[in-house]
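Trainee: What follows is the file run-v1.cif, containing mmCIF, N, CA and C atoms and all ligand atoms:
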data_input
#
loop_
_atom_site.label_atom_id
_atom_site.label_comp_id
_atom_site.auth_asym_id
_atom_site.auth_seq_id
_atom_site.Cartn_x
_atom_site.Cartn_y
_atom_site.Cartn_z
N MET R 1 -32.19 0.14 -12.18
CA MET R 1 -31.43 -0.84 -11.40
C MET R 1 -31.19 -0.31 -9.99
N PRO R 2 -31.48 -1.11 -9.00
CA PRO R 2 -31.27 -0.62 -7.62
C PRO R 2 -29.79 -0.40 -7.35
N GLU R 3 -29.53 0.59 -6.57
CA GLU R 3 -28.15 0.90 -6.25
C GLU R 3 -27.68 -0.03 -5.15
N SER R 4 -26.60 -0.72 -5.36
CA SER R 4 -26.09 -1.60 -4.32
C SER R 4 -24.92 -0.92 -3.64
N SER R 5 -24.55 -1.43 -2.49
CA SER R 5 -23.40 -0.86 -1.81
C SER R 5 -22.16 -1.41 -2.49
N ASN R 6 -21.53 -0.59 -3.27
CA ASN R 6 -20.40 -0.99 -4.11
C ASN R 6 -20.77 -2.22 -4.94
N ASP R 7 -19.89 -2.58 -5.80
CA ASP R 7 -20.12 -3.74 -6.63
C ASP R 7 -19.78 -4.98 -5.83
N ALA R 8 -20.77 -5.83 -5.60
CA ALA R 8 -20.55 -7.02 -4.79
C ALA R 8 -19.52 -7.93 -5.44
N ARG R 9 -19.34 -7.78 -6.73
CA ARG R 9 -18.38 -8.64 -7.41
C ARG R 9 -16.98 -8.04 -7.43
N ARG R 10 -16.83 -6.88 -6.81
CA ARG R 10 -15.50 -6.29 -6.72
C ARG R 10 -14.58 -7.32 -6.06
N GLU R 11 -13.50 -7.62 -6.72
CA GLU R 11 -12.65 -8.68 -6.21
C GLU R 11 -11.75 -8.20 -5.09
N SER R 12 -11.45 -9.13 -4.22
CA SER R 12 -10.49 -8.85 -3.18
C SER R 12 -9.13 -8.74 -3.83
N LYS R 13 -8.43 -7.66 -3.54
CA LYS R 13 -7.08 -7.54 -4.09
C LYS R 13 -6.18 -6.82 -3.10
N THR R 14 -4.93 -6.84 -3.41
CA THR R 14 -3.96 -6.24 -2.50
C THR R 14 -3.65 -4.82 -2.95
N TYR R 15 -3.90 -3.89 -2.05
CA TYR R 15 -3.64 -2.49 -2.31
C TYR R 15 -2.42 -2.05 -1.51
N SER R 16 -1.73 -1.05 -2.04
CA SER R 16 -0.68 -0.39 -1.28
C SER R 16 -1.23 0.94 -0.82
N GLY R 17 -0.70 1.39 0.30
CA GLY R 17 -1.15 2.69 0.79
C GLY R 17 -0.16 3.23 1.79
N GLY R 18 -0.46 4.42 2.28
CA GLY R 18 0.43 5.00 3.28
C GLY R 18 0.15 6.47 3.49
N CYS R 19 1.07 7.09 4.19
CA CYS R 19 0.90 8.50 4.53
C CYS R 19 1.34 9.39 3.36
N HIS R 20 1.36 10.69 3.57
CA HIS R 20 1.67 11.61 2.47
C HIS R 20 3.16 11.66 2.16
N CYS R 21 3.99 11.66 3.19
CA CYS R 21 5.44 11.82 2.95
C CYS R 21 6.11 10.53 2.54
N GLY R 22 5.43 9.39 2.74
CA GLY R 22 5.99 8.12 2.28
C GLY R 22 6.74 7.33 3.33
N ARG R 23 6.85 7.84 4.54
CA ARG R 23 7.54 7.08 5.58
C ARG R 23 6.73 5.86 6.01
N VAL R 24 5.42 6.06 6.09
CA VAL R 24 4.53 4.97 6.49
C VAL R 24 3.97 4.32 5.22
N ARG R 25 4.26 3.02 5.06
CA ARG R 25 3.77 2.29 3.89
C ARG R 25 3.18 0.96 4.36
N TYR R 26 2.08 0.58 3.73
CA TYR R 26 1.48 -0.71 4.08
C TYR R 26 0.86 -1.36 2.87
N GLN R 27 0.52 -2.64 3.06
CA GLN R 27 -0.26 -3.38 2.08
C GLN R 27 -1.48 -3.93 2.78
N VAL R 28 -2.59 -3.93 2.07
CA VAL R 28 -3.82 -4.47 2.65
C VAL R 28 -4.57 -5.23 1.57
N THR R 29 -5.09 -6.39 1.95
CA THR R 29 -5.89 -7.18 1.03
C THR R 29 -7.35 -7.05 1.43
N THR R 30 -8.15 -6.52 0.51
CA THR R 30 -9.54 -6.22 0.81
C THR R 30 -10.36 -6.15 -0.47
N ASP R 31 -11.67 -6.37 -0.31
CA ASP R 31 -12.58 -6.19 -1.46
C ASP R 31 -13.27 -4.82 -1.42
N LEU R 32 -12.98 -4.04 -0.39
CA LEU R 32 -13.58 -2.70 -0.23
C LEU R 32 -15.10 -2.73 -0.33
N ALA R 33 -15.69 -3.87 0.10
CA ALA R 33 -17.14 -4.00 0.01
C ALA R 33 -17.85 -3.03 0.95
N SER R 34 -17.23 -2.76 2.06
CA SER R 34 -17.86 -1.87 3.04
C SER R 34 -16.90 -0.73 3.39
N VAL R 35 -17.27 0.47 3.03
CA VAL R 35 -16.46 1.65 3.35
C VAL R 35 -17.34 2.59 4.17
N ILE R 36 -16.87 2.87 5.37
CA ILE R 36 -17.67 3.60 6.34
C ILE R 36 -17.27 5.07 6.38
N GLU R 37 -18.26 5.91 6.28
CA GLU R 37 -18.06 7.34 6.47
C GLU R 37 -18.71 7.69 7.80
N CYS R 38 -17.89 7.89 8.81
CA CYS R 38 -18.38 8.02 10.18
C CYS R 38 -18.36 9.48 10.59
N ASN R 39 -19.31 9.85 11.44
CA ASN R 39 -19.42 11.25 11.85
C ASN R 39 -18.92 11.48 13.28
N CYS R 40 -18.13 10.54 13.81
CA CYS R 40 -17.62 10.73 15.16
C CYS R 40 -16.60 11.87 15.16
N SER R 41 -16.16 12.23 16.36
CA SER R 41 -15.34 13.44 16.49
C SER R 41 -14.04 13.36 15.69
N ILE R 42 -13.44 12.18 15.64
CA ILE R 42 -12.15 12.12 14.93
C ILE R 42 -12.36 11.90 13.43
N CYS R 43 -13.31 11.06 13.06
CA CYS R 43 -13.53 10.81 11.62
C CYS R 43 -14.01 12.06 10.90
N SER R 44 -14.86 12.83 11.54
CA SER R 44 -15.37 14.02 10.86
C SER R 44 -14.25 15.04 10.67
N ARG R 45 -13.35 15.11 11.64
CA ARG R 45 -12.25 16.06 11.50
C ARG R 45 -11.22 15.60 10.48
N ARG R 46 -10.95 14.30 10.49
CA ARG R 46 -9.92 13.80 9.58
C ARG R 46 -10.45 13.45 8.20
N GLY R 47 -11.75 13.33 8.06
CA GLY R 47 -12.32 12.97 6.77
C GLY R 47 -12.09 11.52 6.38
N HIS R 48 -12.04 10.66 7.41
CA HIS R 48 -11.81 9.23 7.15
C HIS R 48 -12.89 8.59 6.29
N TRP R 49 -12.46 7.72 5.42
CA TRP R 49 -13.32 6.70 4.82
C TRP R 49 -12.69 5.40 5.25
N LEU R 50 -13.37 4.65 6.09
CA LEU R 50 -12.72 3.49 6.71
C LEU R 50 -13.22 2.16 6.15
N ASN R 51 -12.26 1.26 5.97
CA ASN R 51 -12.55 -0.11 5.60
C ASN R 51 -11.89 -0.99 6.66
N PHE R 52 -12.69 -1.82 7.31
CA PHE R 52 -12.18 -2.65 8.40
C PHE R 52 -11.78 -4.02 7.86
N VAL R 53 -10.61 -4.46 8.23
CA VAL R 53 -10.14 -5.79 7.79
C VAL R 53 -9.54 -6.52 8.99
N PRO R 54 -9.56 -7.87 8.96
CA PRO R 54 -8.85 -8.62 10.00
C PRO R 54 -7.37 -8.25 9.94
N ALA R 55 -6.75 -8.21 11.10
CA ALA R 55 -5.37 -7.73 11.18
C ALA R 55 -4.43 -8.49 10.26
N GLU R 56 -4.72 -9.78 10.01
CA GLU R 56 -3.79 -10.56 9.18
C GLU R 56 -3.83 -10.14 7.70
N GLN R 57 -4.85 -9.36 7.33
CA GLN R 57 -4.91 -8.88 5.94
C GLN R 57 -4.17 -7.54 5.77
N PHE R 58 -3.64 -7.04 6.89
CA PHE R 58 -2.93 -5.78 6.87
C PHE R 58 -1.47 -6.01 7.20
N LYS R 59 -0.58 -5.38 6.44
CA LYS R 59 0.84 -5.54 6.71
C LYS R 59 1.52 -4.18 6.64
N LEU R 60 2.05 -3.74 7.76
CA LEU R 60 2.82 -2.50 7.77
C LEU R 60 4.20 -2.80 7.20
N LEU R 61 4.54 -2.16 6.12
CA LEU R 61 5.82 -2.44 5.45
C LEU R 61 6.95 -1.61 6.03
N GLN R 62 6.64 -0.39 6.36
CA GLN R 62 7.66 0.49 6.94
C GLN R 62 6.99 1.65 7.66
N GLY R 63 7.75 2.28 8.54
CA GLY R 63 7.26 3.51 9.16
C GLY R 63 6.80 3.38 10.59
N GLN R 64 6.95 2.18 11.18
CA GLN R 64 6.53 2.03 12.59
C GLN R 64 7.18 3.11 13.47
N ASP R 65 8.43 3.43 13.18
CA ASP R 65 9.16 4.42 13.98
C ASP R 65 8.63 5.84 13.78
N ALA R 66 7.94 6.08 12.69
CA ALA R 66 7.42 7.42 12.41
C ALA R 66 6.01 7.62 12.97
N LEU R 67 5.39 6.51 13.41
CA LEU R 67 3.99 6.60 13.83
C LEU R 67 3.84 7.15 15.24
N THR R 68 2.89 8.03 15.39
CA THR R 68 2.46 8.46 16.72
C THR R 68 1.10 7.82 16.97
N ASP R 69 0.96 7.29 18.16
CA ASP R 69 -0.28 6.60 18.52
C ASP R 69 -1.18 7.56 19.28
N TYR R 70 -2.31 7.86 18.71
CA TYR R 70 -3.26 8.75 19.37
C TYR R 70 -4.47 7.95 19.84
N GLN R 71 -4.81 8.12 21.12
CA GLN R 71 -5.97 7.42 21.65
C GLN R 71 -6.85 8.39 22.41
N PHE R 72 -8.13 8.13 22.43
CA PHE R 72 -9.05 8.97 23.20
C PHE R 72 -10.25 8.11 23.60
N ASN R 73 -11.14 8.72 24.32
CA ASN R 73 -12.37 8.05 24.74
C ASN R 73 -12.05 6.75 25.46
N LYS R 74 -12.47 5.61 24.93
CA LYS R 74 -12.29 4.35 25.65
C LYS R 74 -10.95 3.69 25.35
N HIS R 75 -10.14 4.33 24.55
CA HIS R 75 -8.81 3.81 24.21
C HIS R 75 -8.87 2.43 23.59
N ILE R 76 -9.87 2.22 22.77
CA ILE R 76 -10.01 0.92 22.11
C ILE R 76 -9.22 0.91 20.80
N ILE R 77 -9.18 2.06 20.16
CA ILE R 77 -8.57 2.13 18.83
C ILE R 77 -7.31 2.98 18.88
N HIS R 78 -6.29 2.49 18.21
CA HIS R 78 -5.04 3.24 18.07
C HIS R 78 -5.10 4.03 16.77
N HIS R 79 -5.32 5.33 16.90
CA HIS R 79 -5.41 6.18 15.71
C HIS R 79 -4.01 6.66 15.35
N ASN R 80 -3.28 5.79 14.69
CA ASN R 80 -1.90 6.12 14.34
C ASN R 80 -1.86 7.24 13.32
N PHE R 81 -0.86 8.09 13.46
CA PHE R 81 -0.63 9.04 12.37
C PHE R 81 0.87 9.27 12.22
N CYS R 82 1.26 9.70 11.05
CA CYS R 82 2.67 9.92 10.76
C CYS R 82 3.12 11.20 11.44
N SER R 83 4.20 11.10 12.21
CA SER R 83 4.67 12.25 12.98
C SER R 83 5.33 13.29 12.08
N VAL R 84 5.61 12.94 10.84
CA VAL R 84 6.25 13.88 9.92
C VAL R 84 5.21 14.67 9.12
N CYS R 85 4.31 13.95 8.45
CA CYS R 85 3.35 14.65 7.59
C CYS R 85 1.96 14.76 8.21
N GLY R 86 1.72 14.05 9.30
CA GLY R 86 0.46 14.20 10.02
C GLY R 86 -0.70 13.39 9.49
N VAL R 87 -0.47 12.59 8.45
CA VAL R 87 -1.58 11.84 7.86
C VAL R 87 -1.86 10.56 8.64
N GLY R 88 -3.12 10.35 8.97
CA GLY R 88 -3.55 9.13 9.64
C GLY R 88 -4.06 8.16 8.58
N SER R 89 -3.21 7.25 8.16
CA SER R 89 -3.57 6.39 7.03
C SER R 89 -4.22 5.08 7.45
N PHE R 90 -4.10 4.74 8.74
CA PHE R 90 -4.75 3.52 9.23
C PHE R 90 -4.84 3.59 10.75
N ALA R 91 -5.66 2.70 11.29
CA ALA R 91 -5.77 2.56 12.74
C ALA R 91 -5.76 1.08 13.06
N ARG R 92 -5.48 0.77 14.32
CA ARG R 92 -5.54 -0.61 14.75
C ARG R 92 -6.48 -0.71 15.95
N GLY R 93 -7.13 -1.84 16.05
CA GLY R 93 -8.02 -2.03 17.19
C GLY R 93 -8.47 -3.47 17.26
N LYS R 94 -9.59 -3.67 17.96
CA LYS R 94 -10.13 -5.01 18.10
C LYS R 94 -11.61 -5.00 17.71
N ASN R 95 -12.03 -6.08 17.08
CA ASN R 95 -13.45 -6.26 16.80
C ASN R 95 -14.18 -6.57 18.09
N ALA R 96 -15.51 -6.57 17.99
CA ALA R 96 -16.32 -6.85 19.18
C ALA R 96 -15.98 -8.20 19.79
N ASP R 97 -15.56 -9.16 18.97
CA ASP R 97 -15.22 -10.48 19.49
C ASP R 97 -13.77 -10.56 20.00
N GLY R 98 -13.09 -9.42 19.97
CA GLY R 98 -11.74 -9.38 20.52
C GLY R 98 -10.64 -9.65 19.51
N SER R 99 -11.00 -10.03 18.31
CA SER R 99 -9.98 -10.32 17.31
C SER R 99 -9.38 -9.01 16.78
N PRO R 100 -8.06 -9.01 16.54
CA PRO R 100 -7.42 -7.79 16.09
C PRO R 100 -7.83 -7.40 14.67
N MET R 101 -8.03 -6.11 14.48
CA MET R 101 -8.41 -5.63 13.16
C MET R 101 -7.62 -4.37 12.83
N ALA R 102 -7.65 -4.05 11.55
CA ALA R 102 -7.07 -2.79 11.10
C ALA R 102 -8.16 -2.00 10.39
N ALA R 103 -8.14 -0.71 10.60
CA ALA R 103 -9.08 0.18 9.92
C ALA R 103 -8.27 1.01 8.92
N ILE R 104 -8.54 0.78 7.67
CA ILE R 104 -7.77 1.44 6.61
C ILE R 104 -8.47 2.72 6.21
N ASN R 105 -7.72 3.79 6.12
CA ASN R 105 -8.29 5.02 5.56
C ASN R 105 -8.19 4.90 4.05
N VAL R 106 -9.33 4.59 3.44
CA VAL R 106 -9.36 4.28 2.01
C VAL R 106 -8.80 5.43 1.17
N ARG R 107 -8.90 6.63 1.68
CA ARG R 107 -8.35 7.79 0.97
C ARG R 107 -6.84 7.72 0.82
N CYS R 108 -6.19 6.87 1.62
CA CYS R 108 -4.73 6.78 1.60
C CYS R 108 -4.20 5.63 0.76
N LEU R 109 -5.10 4.92 0.06
CA LEU R 109 -4.63 3.85 -0.81
C LEU R 109 -4.12 4.44 -2.12
N ASP R 110 -3.10 3.80 -2.67
CA ASP R 110 -2.53 4.26 -3.94
C ASP R 110 -3.51 3.97 -5.08
N ASP R 111 -3.55 4.86 -6.02
CA ASP R 111 -4.26 4.62 -7.28
C ASP R 111 -5.71 4.18 -7.08
N ILE R 112 -6.37 4.76 -6.10
CA ILE R 112 -7.77 4.39 -5.89
C ILE R 112 -8.65 5.48 -6.48
N ASP R 113 -9.68 5.03 -7.17
CA ASP R 113 -10.62 5.98 -7.76
C ASP R 113 -11.73 6.24 -6.74
N LEU R 114 -11.57 7.30 -5.98
CA LEU R 114 -12.52 7.57 -4.89
C LEU R 114 -13.94 7.74 -5.40
N ALA R 115 -14.07 8.20 -6.63
CA ALA R 115 -15.41 8.41 -7.19
C ALA R 115 -16.14 7.08 -7.39
N SER R 116 -15.37 5.96 -7.45
CA SER R 116 -16.02 4.66 -7.67
C SER R 116 -16.42 4.00 -6.36
N ILE R 117 -16.06 4.61 -5.24
CA ILE R 117 -16.35 4.02 -3.93
C ILE R 117 -17.65 4.57 -3.38
N LYS R 118 -18.51 3.65 -3.00
CA LYS R 118 -19.74 4.09 -2.36
C LYS R 118 -19.57 3.91 -0.85
N THR R 119 -19.79 4.96 -0.11
CA THR R 119 -19.60 4.87 1.33
C THR R 119 -20.93 4.66 2.04
N THR R 120 -20.84 4.09 3.21
CA THR R 120 -22.01 3.92 4.07
C THR R 120 -21.86 4.85 5.25
N LYS R 121 -22.85 5.68 5.48
CA LYS R 121 -22.79 6.61 6.60
C LYS R 121 -22.96 5.84 7.91
N PHE R 122 -22.13 6.18 8.87
CA PHE R 122 -22.22 5.53 10.17
C PHE R 122 -22.30 6.61 11.24
N ASP R 123 -23.27 6.47 12.11
CA ASP R 123 -23.50 7.49 13.13
C ASP R 123 -22.67 7.21 14.37
N GLY R 124 -21.36 7.40 14.25
CA GLY R 124 -20.48 7.15 15.39
C GLY R 124 -20.61 8.21 16.46
N LYS R 125 -21.12 9.36 16.08
CA LYS R 125 -21.26 10.49 17.00
C LYS R 125 -22.20 10.16 18.16
N SER R 126 -23.21 9.38 17.87
CA SER R 126 -24.23 9.09 18.87
C SER R 126 -23.88 7.89 19.74
N ARG R 127 -22.76 7.24 19.47
CA ARG R 127 -22.44 6.02 20.21
C ARG R 127 -21.64 6.31 21.46
ZN ZN Q 1 4.21 10.87 6.58
#
Show me the file's structure as structure tokens.
Ligand SMILES: [Zn+2]

Mentor:
Amino acid sequence: MPESSNDARRESKTYSGGCHCGRVRYQVTTDLASVIECNCSICSRRGHWLNFVPAEQFKLLQGQDALTDYQFNKHIIHHNFCSVCGVGSFARGKNADGSPMAAINVRCLDDIDLASIKTTKFDGKSR
């Protein structure tokens, strides 16, 4: 059987996630169909596995006051991280069409079986 990128029938559901210390908490509705493993300077250092969703599918429940906003390069993406525990559990930015999006660090979702996630390598380093 050919290997597909994750199970296409994986249903969209609402996950909870957040940082390590628990100050930053969010909910995101996603099917996790596309999880990106990027080799750019920040993703390789942080070990991100990213899932991009429209901003309306992401809801920050708490922790806005604990977030530090880190930006670099073209300052397109807000690489938020918790100022207490240092974990970057999500980022915010805009899609190419200008619509707001959230980039979820799939590693920070609660009760996720990382072994069941198939990632797609993305060459962000060369961009
Ligand atoms: Zn924290």

Trainee: Could you write out, as number ranges by chain, all the residues of chain R that DSSP marks as helix (DSSP H, G or I)?

Mentor: R: 41-46, 55-57, 64-66, 106-108, 114-116, 124-126

Trainee: Need the neighbours of (-2.1, -1.4, -4.4): which residues are at most 7 Å away, counting all atoms listed in the file, as a list of chain:residue names?

Mentor: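 Within the cut-off we find R:Lys13, R:Thr14, R:Tyr15, R:Ser16, R:Gly17, R:Val28, R:Leu109, R:Asp110, R:Asp111.
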
Trainee: Excluding same-chain residues fewer than 2 positions from Asn51 (chain R), what lies within 12 Å of it counting only C-alpha atoms, as a PDB file with N, CA and C atoms, keeping the file's coordinate frame?

Mentor:
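Here's the written file part-v1.pdb:
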ATOM      1  N   VAL R  28      -2.590  -3.930   2.070  1.00  0.00           N
ATOM      2  CA  VAL R  28      -3.820  -4.470   2.650  1.00  0.00           C
ATOM      3  C   VAL R  28      -4.570  -5.230   1.570  1.00  0.00           C
ATOM      4  N   THR R  29      -5.090  -6.390   1.950  1.00  0.00           N
ATOM      5  CA  THR R  29      -5.890  -7.180   1.030  1.00  0.00           C
ATOM      6  C   THR R  29      -7.350  -7.050   1.430  1.00  0.00           C
ATOM      7  N   THR R  30      -8.150  -6.520   0.510  1.00  0.00           N
ATOM      8  CA  THR R  30      -9.540  -6.220   0.810  1.00  0.00           C
ATOM      9  C   THR R  30     -10.360  -6.150  -0.470  1.00  0.00           C
ATOM     10  N   ASP R  31     -11.670  -6.370  -0.310  1.00  0.00           N
ATOM     11  CA  ASP R  31     -12.580  -6.190  -1.460  1.00  0.00           C
ATOM     12  C   ASP R  31     -13.270  -4.820  -1.420  1.00  0.00           C
ATOM     13  N   LEU R  32     -12.980  -4.040  -0.390  1.00  0.00           N
ATOM     14  CA  LEU R  32     -13.580  -2.700  -0.230  1.00  0.00           C
ATOM     15  C   LEU R  32     -15.100  -2.730  -0.330  1.00  0.00           C
ATOM     16  N   ALA R  33     -15.690  -3.870   0.100  1.00  0.00           N
ATOM     17  CA  ALA R  33     -17.140  -4.000   0.010  1.00  0.00           C
ATOM     18  C   ALA R  33     -17.850  -3.030   0.950  1.00  0.00           C
ATOM     19  N   SER R  34     -17.230  -2.760   2.060  1.00  0.00           N
ATOM     20  CA  SER R  34     -17.860  -1.870   3.040  1.00  0.00           C
ATOM     21  C   SER R  34     -16.900  -0.730   3.390  1.00  0.00           C
ATOM     22  N   VAL R  35     -17.270   0.470   3.030  1.00  0.00           N
ATOM     23  CA  VAL R  35     -16.460   1.650   3.350  1.00  0.00           C
ATOM     24  C   VAL R  35     -17.340   2.590   4.170  1.00  0.00           C
ATOM     25  N   ILE R  36     -16.870   2.870   5.370  1.00  0.00           N
ATOM     26  CA  ILE R  36     -17.670   3.600   6.340  1.00  0.00           C
ATOM     27  C   ILE R  36     -17.270   5.070   6.380  1.00  0.00           C
ATOM     28  N   GLU R  37     -18.260   5.910   6.280  1.00  0.00           N
ATOM     29  CA  GLU R  37     -18.060   7.340   6.470  1.00  0.00           C
ATOM     30  C   GLU R  37     -18.710   7.690   7.800  1.00  0.00           C
ATOM     31  N   CYS R  38     -17.890   7.890   8.810  1.00  0.00           N
ATOM     32  CA  CYS R  38     -18.380   8.020  10.180  1.00  0.00           C
ATOM     33  C   CYS R  38     -18.360   9.480  10.590  1.00  0.00           C
ATOM     34  N   HIS R  48     -12.040  10.660   7.410  1.00  0.00           N
ATOM     35  CA  HIS R  48     -11.810   9.230   7.150  1.00  0.00           C
ATOM     36  C   HIS R  48     -12.890   8.590   6.290  1.00  0.00           C
ATOM     37  N   TRP R  49     -12.460   7.720   5.420  1.00  0.00           N
ATOM     38  CA  TRP R  49     -13.320   6.700   4.820  1.00  0.00           C
ATOM     39  C   TRP R  49     -12.690   5.400   5.250  1.00  0.00           C
ATOM     40  N   VAL R  53     -10.610  -4.460   8.230  1.00  0.00           N
ATOM     41  CA  VAL R  53     -10.140  -5.790   7.790  1.00  0.00           C
ATOM     42  C   VAL R  53      -9.540  -6.520   8.990  1.00  0.00           C
ATOM     43  N   PRO R  54      -9.560  -7.870   8.960  1.00  0.00           N
ATOM     44  CA  PRO R  54      -8.850  -8.620  10.000  1.00  0.00           C
ATOM     45  C   PRO R  54      -7.370  -8.250   9.940  1.00  0.00           C
ATOM     46  N   ALA R  55      -6.750  -8.210  11.100  1.00  0.00           N
ATOM     47  CA  ALA R  55      -5.370  -7.730  11.180  1.00  0.00           C
ATOM     48  C   ALA R  55      -4.430  -8.490  10.260  1.00  0.00           C
ATOM     49  N   GLN R  57      -4.850  -9.360   7.330  1.00  0.00           N
ATOM     50  CA  GLN R  57      -4.910  -8.880   5.940  1.00  0.00           C
ATOM     51  C   GLN R  57      -4.170  -7.540   5.770  1.00  0.00           C
ATOM     52  N   PHE R  58      -3.640  -7.040   6.890  1.00  0.00           N
ATOM     53  CA  PHE R  58      -2.930  -5.780   6.870  1.00  0.00           C
ATOM     54  C   PHE R  58      -1.470  -6.010   7.200  1.00  0.00           C
ATOM     55  N   SER R  89      -3.210   7.250   8.160  1.00  0.00           N
ATOM     56  CA  SER R  89      -3.570   6.390   7.030  1.00  0.00           C
ATOM     57  C   SER R  89      -4.220   5.080   7.450  1.00  0.00           C
ATOM     58  N   PHE R  90      -4.100   4.740   8.740  1.00  0.00           N
ATOM     59  CA  PHE R  90      -4.750   3.520   9.230  1.00  0.00           C
ATOM     60  C   PHE R  90      -4.840   3.590  10.750  1.00  0.00           C
ATOM     61  N   ALA R  91      -5.660   2.700  11.290  1.00  0.00           N
ATOM     62  CA  ALA R  91      -5.770   2.560  12.740  1.00  0.00           C
ATOM     63  C   ALA R  91      -5.760   1.080  13.060  1.00  0.00           C
ATOM     64  N   ARG R  92      -5.480   0.770  14.320  1.00  0.00           N
ATOM     65  CA  ARG R  92      -5.540  -0.610  14.750  1.00  0.00           C
ATOM     66  C   ARG R  92      -6.480  -0.710  15.950  1.00  0.00           C
ATOM     67  N   MET R 101      -8.030  -6.110  14.480  1.00  0.00           N
ATOM     68  CA  MET R 101      -8.410  -5.630  13.160  1.00  0.00           C
ATOM     69  C   MET R 101      -7.620  -4.370  12.830  1.00  0.00           C
ATOM     70  N   ALA R 102      -7.650  -4.050  11.550  1.00  0.00           N
ATOM     71  CA  ALA R 102      -7.070  -2.790  11.100  1.00  0.00           C
ATOM     72  C   ALA R 102      -8.160  -2.000  10.390  1.00  0.00           C
ATOM     73  N   ALA R 103      -8.140  -0.710  10.600  1.00  0.00           N
ATOM     74  CA  ALA R 103      -9.080   0.180   9.920  1.00  0.00           C
ATOM     75  C   ALA R 103      -8.270   1.010   8.920  1.00  0.00           C
ATOM     76  N   ILE R 104      -8.540   0.780   7.670  1.00  0.00           N
ATOM     77  CA  ILE R 104      -7.770   1.440   6.610  1.00  0.00           C
ATOM     78  C   ILE R 104      -8.470   2.720   6.210  1.00  0.00           C
ATOM     79  N   ASN R 105      -7.720   3.790   6.120  1.00  0.00           N
ATOM     80  CA  ASN R 105      -8.290   5.020   5.560  1.00  0.00           C
ATOM     81  C   ASN R 105      -8.190   4.900   4.050  1.00  0.00           C
ATOM     82  N   VAL R 106      -9.330   4.590   3.440  1.00  0.00           N
ATOM     83  CA  VAL R 106      -9.360   4.280   2.010  1.00  0.00           C
ATOM     84  C   VAL R 106      -8.800   5.430   1.170  1.00  0.00           C
ATOM     85  N   ARG R 107      -8.900   6.630   1.680  1.00  0.00           N
ATOM     86  CA  ARG R 107      -8.350   7.790   0.970  1.00  0.00           C
ATOM     87  C   ARG R 107      -6.840   7.720   0.820  1.00  0.00           C
ATOM     88  N   CYS R 108      -6.190   6.870   1.620  1.00  0.00           N
ATOM     89  CA  CYS R 108      -4.730   6.780   1.600  1.00  0.00           C
ATOM     90  C   CYS R 108      -4.200   5.630   0.760  1.00  0.00           C
ATOM     91  N   LEU R 109      -5.100   4.920   0.060  1.00  0.00           N
ATOM     92  CA  LEU R 109      -4.630   3.850  -0.810  1.00  0.00           C
ATOM     93  C   LEU R 109      -4.120   4.440  -2.120  1.00  0.00           C
ATOM     94  N   ILE R 117     -16.060   4.610  -5.240  1.00  0.00           N
ATOM     95  CA  ILE R 117     -16.350   4.020  -3.930  1.00  0.00           C
ATOM     96  C   ILE R 117     -17.650   4.570  -3.380  1.00  0.00           C
ATOM     97  N   LYS R 118     -18.510   3.650  -3.000  1.00  0.00           N
ATOM     98  CA  LYS R 118     -19.740   4.090  -2.360  1.00  0.00           C
ATOM     99  C   LYS R 118     -19.570   3.910  -0.850  1.00  0.00           C
ATOM    100  N   THR R 119     -19.790   4.960  -0.110  1.00  0.00           N
ATOM    101  CA  THR R 119     -19.600   4.870   1.330  1.00  0.00           C
ATOM    102  C   THR R 119     -20.930   4.660   2.040  1.00  0.00           C
ATOM    103  N   THR R 120     -20.840   4.090   3.210  1.00  0.00           N
ATOM    104  CA  THR R 120     -22.010   3.920   4.070  1.00  0.00           C
ATOM    105  C   THR R 120     -21.860   4.850   5.250  1.00  0.00           C
TER     106      THR R 120
END

Trainee: Show me a table, sorted first by chain and then by increasing residue number, of the residues of chain R having an atom at most 7 Å from ligand ZN 1 (chain Q), each with its shortest atom pair and the distance in Å to one decimal, counting only N, CA and C atoms and all ligand atoms and written as JSON lines.

Mentor:
{"residue": "R:Gly18", "atom": "C", "partner": "Q:ZN1", "partner_atom": "ZN", "distance": 6.7}
{"residue": "R:Cys19", "atom": "CA", "partner": "Q:ZN1", "partner_atom": "ZN", "distance": 4.6}
{"residue": "R:His20", "atom": "N", "partner": "Q:ZN1", "partner_atom": "ZN", "distance": 4.1}
{"residue": "R:Cys21", "atom": "N", "partner": "Q:ZN1", "partner_atom": "ZN", "distance": 3.5}
{"residue": "R:Gly22", "atom": "N", "partner": "Q:ZN1", "partner_atom": "ZN", "distance": 4.3}
{"residue": "R:Arg23", "atom": "N", "partner": "Q:ZN1", "partner_atom": "ZN", "distance": 4.5}
{"residue": "R:Val24", "atom": "N", "partner": "Q:ZN1", "partner_atom": "ZN", "distance": 5.0}
{"residue": "R:Phe81", "atom": "C", "partner": "Q:ZN1", "partner_atom": "ZN", "distance": 6.7}
{"residue": "R:Cys82", "atom": "CA", "partner": "Q:ZN1", "partner_atom": "ZN", "distance": 4.6}
{"residue": "R:Ser83", "atom": "N", "partner": "Q:ZN1", "partner_atom": "ZN", "distance": 5.6}
{"residue": "R:Val84", "atom": "C", "partner": "Q:ZN1", "partner_atom": "ZN", "distance": 4.7}
{"residue": "R:Cys85", "atom": "N", "partner": "Q:ZN1", "partner_atom": "ZN", "distance": 3.6}
{"residue": "R:Gly86", "atom": "N", "partner": "Q:ZN1", "partner_atom": "ZN", "distance": 4.9}
{"residue": "R:Val87", "atom": "N", "partner": "Q:ZN1", "partner_atom": "ZN", "distance": 5.3}

Trainee: Interatomic distance between atom C of Lys125 (chain R) and CA of Leu67 (chain R)?

Mentor: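 The value is 26.8 Å.
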
Trainee: What is the distance, in Å and to one decimal place, between atom C of Ile77 (chain R) and CA of Leu114 (chain R)?

Mentor: 24.8 Å

Trainee: Report the distance between atom N of Asp123 (chain R) and CA of Cys40 (chain R) in Å, rounded to one decimal place.

Mentor: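 These atoms are spaced 7.7 Å apart.
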
Trainee: From the set R:Cys43, R:Ala96, R:Asn80, R:Gly124, which residue has the shortest atom-to-atom contact distance to Gly63 (chain R), counting only C-alpha atoms?

Mentor: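 Under the stated criterion, the closest residue is R:Asn80.
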